[in-house]
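Enquirer: Input file: entry39.cif. Contents: mmCIF, C-alpha atoms.
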data_query
#
loop_
_atom_site.label_atom_id
_atom_site.label_comp_id
_atom_site.auth_asym_id
_atom_site.auth_seq_id
_atom_site.Cartn_x
_atom_site.Cartn_y
_atom_site.Cartn_z
CA MET A 1 107.78 157.43 220.05
CA GLN A 2 105.40 160.26 219.36
CA ALA A 3 102.66 159.29 216.89
CA ILE A 4 102.57 160.79 213.39
CA PRO A 5 99.56 163.05 212.82
CA LEU A 6 96.72 161.25 211.03
CA ASP A 7 96.43 163.66 208.17
CA LEU A 8 100.18 163.51 207.63
CA TYR A 9 100.08 159.73 207.75
CA GLU A 10 97.32 159.67 205.15
CA GLU A 11 99.42 161.91 202.97
CA LEU A 12 102.37 159.56 203.44
CA GLU A 13 100.23 156.59 202.46
CA GLY A 14 99.61 158.16 199.10
CA LEU A 15 103.34 158.49 198.31
CA ASP A 16 105.59 156.13 196.48
CA PRO A 17 106.83 153.43 198.86
CA LYS A 18 110.43 154.58 198.53
CA ILE A 19 109.52 158.23 199.30
CA LYS A 20 107.28 157.07 202.13
CA SER A 21 110.18 155.11 203.63
CA VAL A 22 112.43 158.19 203.50
CA PHE A 23 109.90 160.34 205.40
CA LEU A 24 109.27 157.72 208.03
CA LYS A 25 112.99 157.39 208.68
CA LEU A 26 113.21 161.17 208.90
CA PHE A 27 110.40 161.37 211.53
CA GLU A 28 112.00 158.59 213.44
CA TYR A 29 115.27 160.50 213.52
CA LEU A 30 113.61 163.71 214.64
CA ILE A 31 111.76 161.96 217.40
CA LYS A 32 114.90 160.30 218.68
CA GLU A 33 116.84 163.57 218.74
CA ARG A 34 116.06 166.22 221.32
CA VAL A 35 115.13 169.40 219.76
CA THR A 36 114.17 172.78 221.11
CA LYS A 37 110.83 174.32 220.70
CA ASP A 38 112.26 176.70 218.21
CA ASP A 39 113.91 173.85 216.48
CA PHE A 40 110.67 171.95 216.62
CA GLN A 41 108.87 175.02 215.36
CA ARG A 42 111.27 175.30 212.50
CA LEU A 43 111.06 171.63 212.00
CA THR A 44 107.30 171.85 212.05
CA GLU A 45 107.42 174.54 209.44
CA LYS A 46 109.75 172.44 207.41
CA VAL A 47 107.53 169.45 207.90
CA GLU A 48 104.55 171.52 206.83
CA LYS A 49 106.43 172.63 203.79
CA LEU A 50 107.55 169.07 203.31
CA THR A 51 103.95 168.00 203.75
CA ASP A 52 102.93 170.43 201.07
CA ILE A 53 105.66 169.09 198.91
CA VAL A 54 104.59 165.58 199.76
CA ALA A 55 101.01 166.52 198.88
CA GLU A 56 102.23 167.98 195.63
CA LEU A 57 104.29 164.88 195.05
CA ALA A 58 101.29 162.71 195.91
CA GLU A 59 99.20 164.69 193.46
CA ALA A 60 101.99 164.37 190.90
CA GLN A 61 102.22 160.70 191.81
CA LYS A 62 98.49 160.35 191.29
CA LYS A 63 98.74 162.09 187.94
CA THR A 64 101.74 159.96 187.12
CA GLU A 65 99.80 156.83 188.04
CA GLU A 66 96.91 158.00 185.91
CA GLU A 67 99.32 158.74 183.09
CA LEU A 68 100.97 155.40 183.72
CA LYS A 69 97.58 153.74 183.67
CA SER A 70 96.75 155.55 180.43
CA LEU A 71 100.22 154.76 179.17
CA SER A 72 99.68 151.12 180.21
CA LYS A 73 96.54 151.03 178.13
CA THR A 74 98.44 152.65 175.28
CA VAL A 75 101.28 150.18 175.75
CA ALA A 76 98.76 147.31 175.85
CA ALA A 77 97.23 148.66 172.67
CA LEU A 78 100.70 149.01 171.23
CA VAL A 79 101.52 145.46 172.37
CA GLU A 80 98.30 144.20 170.75
CA ALA A 81 99.09 146.21 167.63
CA GLN A 82 102.65 144.89 167.74
CA LYS A 83 101.24 141.38 168.11
CA LYS A 84 99.04 141.93 165.08
CA ILE A 85 102.00 143.44 163.24
CA ASP A 86 104.11 140.42 164.24
CA GLU A 87 101.35 138.09 163.04
CA GLU A 88 101.06 140.06 159.82
CA LEU A 89 104.85 140.07 159.50
CA GLU A 90 104.90 136.34 160.14
CA ALA A 91 102.17 135.86 157.56
CA GLN A 92 104.07 138.15 155.21
CA SER A 93 107.24 136.22 156.06
CA ASN A 94 105.49 132.97 155.12
CA THR A 95 104.18 134.66 152.02
CA MET A 96 107.64 135.99 151.27
CA PHE A 97 109.03 132.49 151.80
CA GLU A 98 106.45 131.08 149.41
CA LEU A 99 107.16 133.95 147.02
CA SER A 100 110.87 133.32 147.37
CA LYS A 101 110.29 129.62 146.72
CA THR A 102 108.07 130.46 143.75
CA VAL A 103 110.66 132.96 142.46
CA SER A 104 113.34 130.29 142.86
CA GLU A 105 111.22 127.80 140.95
CA LEU A 106 110.43 130.46 138.35
CA SER A 107 114.13 131.24 138.06
CA LYS A 108 114.86 127.56 137.60
CA THR A 109 112.05 127.30 135.05
CA MET A 110 113.33 130.42 133.29
CA ALA A 111 116.80 128.89 133.17
CA GLN A 112 115.32 125.70 131.72
CA LEU A 113 113.29 127.74 129.24
CA ALA A 114 116.39 129.70 128.32
CA GLU A 115 118.27 126.43 127.74
CA ALA A 116 115.32 125.05 125.79
CA GLN A 117 115.17 128.27 123.78
CA LYS A 118 118.89 127.92 123.11
CA ARG A 119 118.35 124.37 121.86
CA THR A 120 115.33 125.56 119.87
CA ASP A 121 117.38 128.33 118.29
CA GLN A 122 120.07 125.78 117.46
CA LYS A 123 117.45 123.43 116.01
CA VAL A 124 115.90 126.28 114.03
CA ALA A 125 119.34 127.14 112.70
CA GLU A 126 119.88 123.48 111.74
CA LEU A 127 116.44 123.38 110.11
CA ALA A 128 117.20 126.60 108.28
CA GLU A 129 120.45 125.07 107.03
CA ALA A 130 118.61 121.87 106.09
CA GLN A 131 115.95 123.94 104.33
CA LYS A 132 118.70 125.77 102.51
CA ARG A 133 120.17 122.45 101.39
CA THR A 134 116.66 121.23 100.51
CA ASP A 135 116.00 124.35 98.45
CA GLN A 136 119.32 123.84 96.73
CA ARG A 137 118.50 120.18 96.12
CA LEU A 138 115.03 121.13 94.84
CA ALA A 139 116.63 123.65 92.50
CA GLU A 140 118.97 120.92 91.27
CA LEU A 141 116.04 118.51 90.90
CA ALA A 142 114.05 121.19 89.08
CA GLU A 143 116.96 121.69 86.71
CA ALA A 144 117.30 117.93 86.32
CA GLN A 145 113.54 117.71 85.74
CA ARG A 146 113.80 120.44 83.12
CA ARG A 147 116.62 118.59 81.40
CA THR A 148 114.65 115.34 81.73
CA GLU A 149 111.56 116.91 80.23
CA GLN A 150 113.69 118.33 77.44
CA LYS A 151 115.26 114.91 76.94
CA VAL A 152 111.81 113.27 77.05
CA ALA A 153 110.61 115.77 74.45
CA GLU A 154 113.64 114.94 72.32
CA LEU A 155 113.02 111.21 72.86
CA ALA A 156 109.34 111.70 72.01
CA GLU A 157 110.35 113.44 68.82
CA ALA A 158 112.90 110.71 68.13
CA GLN A 159 110.24 108.09 68.97
CA LYS A 160 107.88 109.80 66.57
CA ARG A 161 110.53 109.69 63.88
CA THR A 162 111.33 106.08 64.81
CA GLU A 163 107.66 105.10 64.65
CA GLU A 164 107.42 106.78 61.29
CA GLU A 165 110.52 104.92 60.13
CA VAL A 166 109.18 101.65 61.62
CA ARG A 167 105.88 102.24 59.87
CA THR A 168 107.77 102.83 56.64
CA LEU A 169 109.91 99.73 57.24
CA ALA A 170 106.78 97.74 58.10
CA GLN A 171 105.23 98.80 54.85
CA GLU A 172 108.42 97.96 52.98
CA LEU A 173 108.66 94.65 54.86
CA LYS A 174 105.07 93.90 53.96
CA ARG A 175 105.81 94.62 50.35
CA THR A 176 109.00 92.55 50.65
CA ARG A 177 107.04 89.67 52.16
CA GLN A 178 104.48 90.05 49.47
CA ASP A 179 107.26 90.00 46.93
CA LEU A 180 108.89 87.01 48.64
CA GLY A 181 105.52 85.35 48.94
CA GLY A 182 105.02 85.98 45.27
CA LEU A 183 108.45 84.60 44.51
CA SER A 184 107.86 81.63 46.81
CA LEU A 185 104.55 81.03 45.15
CA SER A 186 106.18 81.41 41.74
CA PHE A 187 108.89 78.91 42.73
CA SER A 188 106.24 76.56 44.11
CA TYR A 189 104.26 76.81 40.88
CA ALA A 190 107.43 76.34 38.91
CA LEU A 191 108.31 73.31 41.03
CA GLU A 192 104.80 71.92 40.65
CA ASN A 193 104.79 72.49 36.88
CA GLU A 194 108.15 70.79 36.58
CA ALA A 195 106.92 67.96 38.83
CA TYR A 196 103.82 67.37 36.68
CA ARG A 197 106.16 66.78 33.76
CA MET A 198 108.87 64.75 35.53
CA LEU A 199 107.03 62.77 38.23
CA PRO A 200 105.59 59.99 35.99
CA GLN A 201 109.13 58.78 35.23
CA VAL A 202 110.39 59.32 38.78
CA LEU A 203 107.45 57.43 40.35
CA LYS A 204 108.30 54.37 38.29
CA LYS A 205 111.45 54.11 40.44
CA TYR A 206 109.10 53.51 43.39
CA ASP A 207 107.01 50.90 41.50
CA LEU A 208 104.22 53.36 40.83
CA GLU A 209 102.69 53.33 37.33
CA LEU A 210 100.25 56.21 36.78
CA GLU A 211 96.86 55.21 35.48
CA ASP A 212 95.97 58.77 34.54
CA LYS A 213 97.51 62.24 34.46
CA LEU A 214 98.64 64.05 37.67
CA ILE A 215 96.37 67.03 38.36
CA ARG A 216 95.74 69.73 40.97
CA LYS A 217 92.29 69.16 42.42
CA GLU A 218 90.02 70.37 45.24
CA ILE A 219 88.49 67.57 47.25
CA ALA A 220 86.13 68.11 50.20
CA GLY A 221 87.32 71.73 50.51
CA GLU A 222 91.03 70.83 50.48
CA GLU A 223 93.37 71.79 47.62
CA ILE A 224 95.38 68.75 46.53
CA ASN A 225 98.61 69.71 44.70
CA PHE A 226 99.16 66.27 43.18
CA PHE A 227 96.27 63.85 42.68
CA ALA A 228 96.12 60.70 40.52
CA THR A 229 95.60 56.94 40.60
CA ALA A 230 98.44 54.50 40.01
CA ARG A 231 99.14 50.77 39.92
CA LYS A 232 101.39 49.33 42.63
CA ASN A 233 101.93 45.59 42.88
CA GLY A 234 98.87 45.03 40.72
CA LYS A 235 96.61 47.18 42.91
CA THR A 236 95.15 50.66 42.39
CA VAL A 237 96.37 53.31 44.83
CA TYR A 238 95.65 57.02 45.17
CA ILE A 239 98.54 59.48 45.05
CA VAL A 240 97.94 62.54 47.33
CA GLY A 241 100.82 64.97 47.20
CA GLU A 242 101.94 68.39 48.56
CA THR A 243 104.67 70.78 47.39
CA LYS A 244 107.28 72.38 49.72
CA LEU A 245 110.29 74.31 48.45
CA ARG A 246 112.39 73.22 51.48
CA LEU A 247 111.74 70.39 53.88
CA ASP A 248 113.68 71.18 57.05
CA ASP A 249 112.96 71.51 60.76
CA THR A 250 114.37 75.00 61.24
CA LYS A 251 111.01 76.65 60.79
CA LYS A 252 108.66 74.01 62.15
CA ARG A 253 108.26 72.25 58.83
CA ASP A 254 106.34 69.52 60.66
CA ASP A 255 103.24 71.49 59.65
CA VAL A 256 103.52 69.97 56.18
CA PHE A 257 102.80 66.54 57.65
CA LYS A 258 99.63 67.83 59.33
CA GLN A 259 98.51 69.51 56.11
CA LEU A 260 99.09 66.30 54.20
CA GLU A 261 97.09 64.32 56.79
CA LYS A 262 94.15 66.71 56.36
CA LYS A 263 94.25 66.25 52.57
CA ILE A 264 94.41 62.46 52.94
CA SER A 265 91.37 62.60 55.25
CA ALA A 266 89.50 64.68 52.64
CA VAL A 267 90.27 62.10 49.91
CA LYS A 268 89.10 59.19 52.07
CA LYS A 269 85.96 61.12 52.90
CA VAL A 270 85.10 61.27 49.20
CA TYR A 271 86.64 58.04 47.83
CA GLY A 272 86.26 55.84 50.87
CA ASN A 273 88.85 53.75 52.64
CA VAL A 274 91.17 53.51 49.62
CA GLN A 275 94.93 52.87 49.73
CA ILE A 276 96.78 56.15 49.59
CA VAL A 277 100.42 56.94 48.82
CA PRO A 278 101.29 60.27 50.54
CA LEU A 279 103.73 62.36 48.46
CA ILE A 280 105.85 65.44 49.18
CA VAL A 281 107.72 67.12 46.32
CA THR A 282 110.59 69.47 47.33
CA HIS A 283 113.82 71.01 46.14
CA PHE A 284 115.69 70.00 49.32
CA ALA A 285 114.96 67.78 52.35
CA LYS A 286 117.05 67.36 55.52
CA GLU A 287 117.84 63.87 56.76
CA SER A 288 115.84 64.40 59.93
CA MET A 289 112.76 65.33 57.90
CA LEU A 290 113.29 62.40 55.53
CA LYS A 291 113.38 60.12 58.58
CA LYS A 292 110.14 61.60 59.96
CA ALA A 293 108.49 61.25 56.55
CA LYS A 294 109.57 57.60 56.28
CA GLU A 295 108.19 56.87 59.76
CA ARG A 296 104.82 58.26 58.57
CA GLY A 297 104.91 56.28 55.28
CA ILE A 298 105.32 59.44 53.19
CA LEU A 299 107.19 59.33 49.87
CA VAL A 300 109.55 62.33 49.46
CA VAL A 301 110.75 63.22 45.96
CA GLN A 302 113.45 65.87 45.60
CA SER A 303 113.92 67.84 42.39
CA PHE A 304 117.44 66.50 41.80
CA GLU A 305 115.89 63.06 41.20
CA TRP A 306 114.52 64.01 37.76
#
Let me see the file written as structure tokens.
Expert:
Amino acid sequence: MQAIPLDLYEELEGLDPKIKSVFLKLFEYLIKERVTKDDFQRLTEKVEKLTDIVAELAEAQKKTEEELKSLSKTVAALVEAQKKIDEELEAQSNTMFELSKTVSELSKTMAQLAEAQKRTDQKVAELAEAQKRTDQRLAELAEAQRRTEQKVAELAEAQKRTEEEVRTLAQELKRTRQDLGGLSLSFSYALENEAYRMLPQVLKKYDLELEDKLIRKEIAGEEINFFATARKNGKTVYIVGETKLRLDDTKKRDDVFKQLEKKISAVKKVYGNVQIVPLIVTHFAKESMLKKAKERGILVVQSFEW
């Protein structure tokens, strides 16, 4: 097979492999076929034209490769940019996920807050109602307090009047006691005066014969209502007596015994260890008091005996 011209081959080497393959097959076909000189001339012209075209295509291919190379760089830059965008998108996606999670939690919290606010509003309403009842109760208590204060004022006024009345009654009672004391004293004096006159005869019933007159006498600071000496069984005795209108135990009349003991002690202090006949003169004596007097060796003379 006839060799392909070197310059043409170099041009073919610069073409795209697919285009190069087409031209090689075409040359091989032309070589195998018998052609005339004219045909070859025409073919040569066509080949030359084709060569020019191939050269143009090679130049276009070269430009295309350069553009592709530039485009490759651009694509690489775009890929890098896309990678960065993807990374940023992934970061944003993570951020969005976190934000979504946070929003979800916030929504949940807001729902809880809303529920809490609802309960708070309900509680506030209950408190307001309770406050209303409290205010009403306070108003009632204030009214009750006002009535109480009015009542207290009325009671204070009544107490004032009562105290005044009690003071008046106390004064009247004092006067009454004074009057009663005066009457009691008058009765006691009357009883004593009557006793001075009647006792000498009455005492004879108890084997007591007066040696001298019965008198009222103060001895060692004690007032003796009845004092005298008498003869009893041939011996001299001292009569020491006290007057009591009533001798009963309803008002602690036992005090009369103590008073009489004090007067007896006063007599012995002055007259020595003499024999003494204790005497109580009364209008009335209860059996219980008579028994106590007898146990103490006290002679009781009642006014009905004379």
Enquirer: Which value, in Å to one decimal, gives the distance between atom CA of Phe304 of chain A and atom CA of Leu245 of chain A?
Expert: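 Separation of atom CA of Phe304 of chain A and atom CA of Leu245 of chain A: 12.5 Å.
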Enquirer: Which residue out of A:Ile280, A:Leu141, A:Ala228, A:Leu57 has the minimum interatomic distance to Glu13 of chain A when all atoms listed in the file are used?
Expert: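 Nearest to Glu13 of chain A: A:Leu57.
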Enquirer: For Val240 of chain A, list every protein, DNA or RNA residue within 12 Å, evaluated using only C-alpha atoms, and leave out those in the same chain fewer than 6 positions away; present the list as an MDAnalysis selection string.
Expert: chainID A and resid 214:219 222:230 259:268 274:281 298:300
Enquirer: So how far away is atom CA of Phe187 of chain A from atom CA of Lys174 of chain A, in Å?
Expert: 19.1 Å
Enquirer: Given all atoms listed in the file as the basis, pick out the residue of A:Arg231, A:Arg42, A:Lys292, A:Arg197 nearest to Asp248 of chain A.
Expert: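 Smallest separation from Asp248 of chain A among the options: A:Lys292.
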Enquirer: What is the distance, in Å and to one decimal place, between atom CA of Leu71 of chain A and atom CA of Glu88 of chain A?
Expert: 24.3 Å
Enquirer: Could you check which of A:Ser288, A:Ser72, A:Thr64, A:Thr162 is closest to Asp249 of chain A, using all atoms listed in the file?
Expert: A:Ser288
Enquirer: Tyr206 of chain A: which residues within 10 Å, counting all atoms listed in the file, same-chain residues fewer than 4 positions away excluded, as a PyMOL selection string?
Expert: chain A and resi 201-202+232+299
